[in-house]
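A.B. asks: I have a structure here, written as structure tokens, and I will follow up with some questions on it.
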Amino acid sequence: MLMKRSGHACSGQSQRGSSLVEVLVALLVLALGVMGMLSLQTRTLLEARATQARTHAVHLISDLQERMRTQRRLDPAPSVWDPSPYLVDWGAMPPMVDCYRSPCSALQLAGFDLQQWKLALAHLLPGGDARVFQSSVDPAQFGILIGWRLLPQPAPVEAPGTSASAHAPPSAPCREGLVCHLVYIRP
């Protein structure tokens with residue numbers, strides 16, 4: 001018995017076209033999946049970098065606290081210890097003194113400590129800078145505010161006279177464009 005074909009039968013040519021569409025859809029789904037994985041990987045790397053920077057900041061704060069404690073122990077009259085050499089504002093650098101090559105006074109040693117600390121800060125954190133200030137509530141307490149950029153960028157130009165005193169708590173906790181970490185310490 002012979003079967004009659006209807007006029008709506010699929011030809012081989014139309015099947016090849018639908019296979020091409022299926023391949024294109026599969027490639028689109030694959031591309032979206034790969035883009036999603038790349039996005040997730042990028043976010044993970046940025047978070048890892050932020051965590052590493054915060055870890056460096058915590059270690060640097062501990063380092064400065066220990067430098068201040070050592071300086072206080074070396075002072076012949078620790079009850080009247082002068083913390084002013086450690087007070088510094090954003091962008092400020094203590095005078096360059098090399099206590100490795102020549103003897104230094106207690107005041108010069110404190111400046112040298114702060115200089116070495118700020119250089120380490122700039123080396124370890126991209127765009128790293130810090131502000132050390134004395135608490136207005138408790139004069140034995142110091143605030144250390146460390147800031148850095150998540151992605152290296154040129155430092156913004158600050159208008160003259162816009163920075164606050166190193167003796168007052170920060171009016172704005174963090175400079176614009178920086179991620180900051182603030183800790184109060186007692187040396």
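Labels for the structure tokens follow display order: chains A, B, ..., residues from 1 in each chain, ligands from 1.
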With a distance cut-off of 12 Å and only C-alpha atoms, select the neighbouring residues of A:Leu182, excluding the residue or stretch itself and same-chain residues fewer than 6 positions from it, and output the selection as a PyMOL selection string.
C.D. replies: chain A and resi 54+57-58+60-61+130-133+142-147+169-170+172-174
A.B. asks: Quick one: write out the picked residues with N, CA and C atoms as a PDB file, in the first residue's frame?
C.D. replies:
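The result, stored in again-v5.pdb:
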ATOM      1  N   ARG A  54      42.488  46.152  53.776  1.00  0.00           N
ATOM      2  CA  ARG A  54      42.040  46.346  55.162  1.00  0.00           C
ATOM      3  C   ARG A  54      42.970  45.617  56.137  1.00  0.00           C
ATOM      4  N   ALA A  57      45.951  47.737  56.531  1.00  0.00           N
ATOM      5  CA  ALA A  57      45.625  48.897  57.366  1.00  0.00           C
ATOM      6  C   ALA A  57      45.654  48.535  58.845  1.00  0.00           C
ATOM      7  N   VAL A  58      45.085  47.396  59.195  1.00  0.00           N
ATOM      8  CA  VAL A  58      45.070  46.962  60.597  1.00  0.00           C
ATOM      9  C   VAL A  58      46.490  46.725  61.097  1.00  0.00           C
ATOM     10  N   LEU A  60      49.223  48.122  59.931  1.00  0.00           N
ATOM     11  CA  LEU A  60      49.896  49.420  60.009  1.00  0.00           C
ATOM     12  C   LEU A  60      49.470  50.189  61.260  1.00  0.00           C
ATOM     13  N   ILE A  61      48.213  50.078  61.633  1.00  0.00           N
ATOM     14  CA  ILE A  61      47.746  50.741  62.854  1.00  0.00           C
ATOM     15  C   ILE A  61      48.430  50.126  64.074  1.00  0.00           C
ATOM     16  N   ALA A 130      47.244  58.794  55.577  1.00  0.00           N
ATOM     17  CA  ALA A 130      46.680  58.649  56.920  1.00  0.00           C
ATOM     18  C   ALA A 130      46.595  59.986  57.614  1.00  0.00           C
ATOM     19  N   ARG A 131      45.762  59.995  58.611  1.00  0.00           N
ATOM     20  CA  ARG A 131      45.585  61.142  59.497  1.00  0.00           C
ATOM     21  C   ARG A 131      45.623  60.601  60.913  1.00  0.00           C
ATOM     22  N   VAL A 132      46.493  61.163  61.758  1.00  0.00           N
ATOM     23  CA  VAL A 132      46.581  60.778  63.165  1.00  0.00           C
ATOM     24  C   VAL A 132      46.215  62.012  63.966  1.00  0.00           C
ATOM     25  N   PHE A 133      45.234  61.878  64.833  1.00  0.00           N
ATOM     26  CA  PHE A 133      44.752  63.023  65.611  1.00  0.00           C
ATOM     27  C   PHE A 133      44.500  62.600  67.043  1.00  0.00           C
ATOM     28  N   PHE A 142      44.142  58.347  70.728  1.00  0.00           N
ATOM     29  CA  PHE A 142      44.447  58.864  69.398  1.00  0.00           C
ATOM     30  C   PHE A 142      43.601  58.145  68.357  1.00  0.00           C
ATOM     31  N   GLY A 143      43.187  58.890  67.360  1.00  0.00           N
ATOM     32  CA  GLY A 143      42.494  58.306  66.217  1.00  0.00           C
ATOM     33  C   GLY A 143      43.476  58.150  65.070  1.00  0.00           C
ATOM     34  N   ILE A 144      43.466  57.000  64.470  1.00  0.00           N
ATOM     35  CA  ILE A 144      44.280  56.757  63.282  1.00  0.00           C
ATOM     36  C   ILE A 144      43.309  56.435  62.153  1.00  0.00           C
ATOM     37  N   LEU A 145      43.286  57.301  61.174  1.00  0.00           N
ATOM     38  CA  LEU A 145      42.388  57.154  60.029  1.00  0.00           C
ATOM     39  C   LEU A 145      43.247  56.897  58.803  1.00  0.00           C
ATOM     40  N   ILE A 146      43.158  55.680  58.275  1.00  0.00           N
ATOM     41  CA  ILE A 146      43.944  55.289  57.099  1.00  0.00           C
ATOM     42  C   ILE A 146      42.996  55.208  55.909  1.00  0.00           C
ATOM     43  N   GLY A 147      43.407  55.801  54.801  1.00  0.00           N
ATOM     44  CA  GLY A 147      42.603  55.766  53.587  1.00  0.00           C
ATOM     45  C   GLY A 147      43.406  55.257  52.406  1.00  0.00           C
ATOM     46  N   PRO A 169      39.072  65.897  65.959  1.00  0.00           N
ATOM     47  CA  PRO A 169      38.563  64.721  65.246  1.00  0.00           C
ATOM     48  C   PRO A 169      38.155  65.117  63.840  1.00  0.00           C
ATOM     49  N   PRO A 170      38.196  64.182  62.927  1.00  0.00           N
ATOM     50  CA  PRO A 170      37.893  64.528  61.537  1.00  0.00           C
ATOM     51  C   PRO A 170      36.442  64.948  61.376  1.00  0.00           C
ATOM     52  N   ALA A 172      34.999  65.251  58.344  1.00  0.00           N
ATOM     53  CA  ALA A 172      34.571  64.245  57.379  1.00  0.00           C
ATOM     54  C   ALA A 172      35.438  63.028  57.640  1.00  0.00           C
ATOM     55  N   PRO A 173      34.862  61.897  57.989  1.00  0.00           N
ATOM     56  CA  PRO A 173      35.656  60.741  58.382  1.00  0.00           C
ATOM     57  C   PRO A 173      36.662  60.276  57.333  1.00  0.00           C
ATOM     58  N   CYS A 174      36.365  60.493  56.075  1.00  0.00           N
ATOM     59  CA  CYS A 174      37.240  59.957  55.036  1.00  0.00           C
ATOM     60  C   CYS A 174      37.321  60.961  53.893  1.00  0.00           C
TER      61      CYS A 174
END
A.B. asks: Could you work out how far atom CA of A:Trp117 lies from atom CA of A:Thr70, giving the answer in Å with one decimal?
C.D. replies: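 Separating atom CA of A:Thr70 from atom CA of A:Trp117 is a distance of 14.1 Å.
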A.B. asks: What does the distance from atom CA of A:Val179 to atom CA of A:Met37 come to in Å, to one decimal?
C.D. replies: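 Spanning atom CA of A:Val179 to atom CA of A:Met37 is a straight-line distance of 26.4 Å.
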A.B. asks: Tell me which protein, DNA and RNA residues are within 10 Å of stretch 105-113 of chain A, counting only C-alpha atoms, leaving out same-chain ones fewer than 5 positions away, and put them as a VMD selection string.
C.D. replies: chain A and resid 63 to 64 67 to 68 70 to 72 74 to 76 82 to 87 93 to 100 118 to 119
A.B. asks: Using Å and a single decimal, report how far atom CA of A:Leu125 sits from atom CA of A:Ala53.
C.D. replies: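 Computing the Euclidean distance for atom CA of A:Ala53 and atom CA of A:Leu125 yields 6.2 Å.
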A.B. asks: Which of stretch 17-141 of chain A counts as helix (DSSP H, G or I) under DSSP, as a PyMOL selection string please?
C.D. replies: chain A and resi 17-74+78-80+84-86+106-124
A.B. asks: From stretch 31-166 of chain A, collect each residue whose DSSP state is strand (DSSP E or B) and return the set as a list in words.
C.D. replies: Val88, Asp129, Ala130, Arg131, Val132, Phe133, Gln134, Phe142, Gly143, Ile144, Leu145, Ile146, Gly147 and Trp148 of chain A
A.B. asks: Closest to A:Glu176 among A:His59, A:Gln52, A:Trp90, A:Val137, using only C-alpha atoms?
C.D. replies: A:Trp90
A.B. asks: Go through A:Leu20, A:Gln65, A:Ile185, A:His56 one by one, measure the shortest atom-to-atom distance of each to A:Ala120 using only C-alpha atoms, and give the residue with the smallest value.
C.D. replies: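 Closest residue, counting only C-alpha atoms: A:His56.
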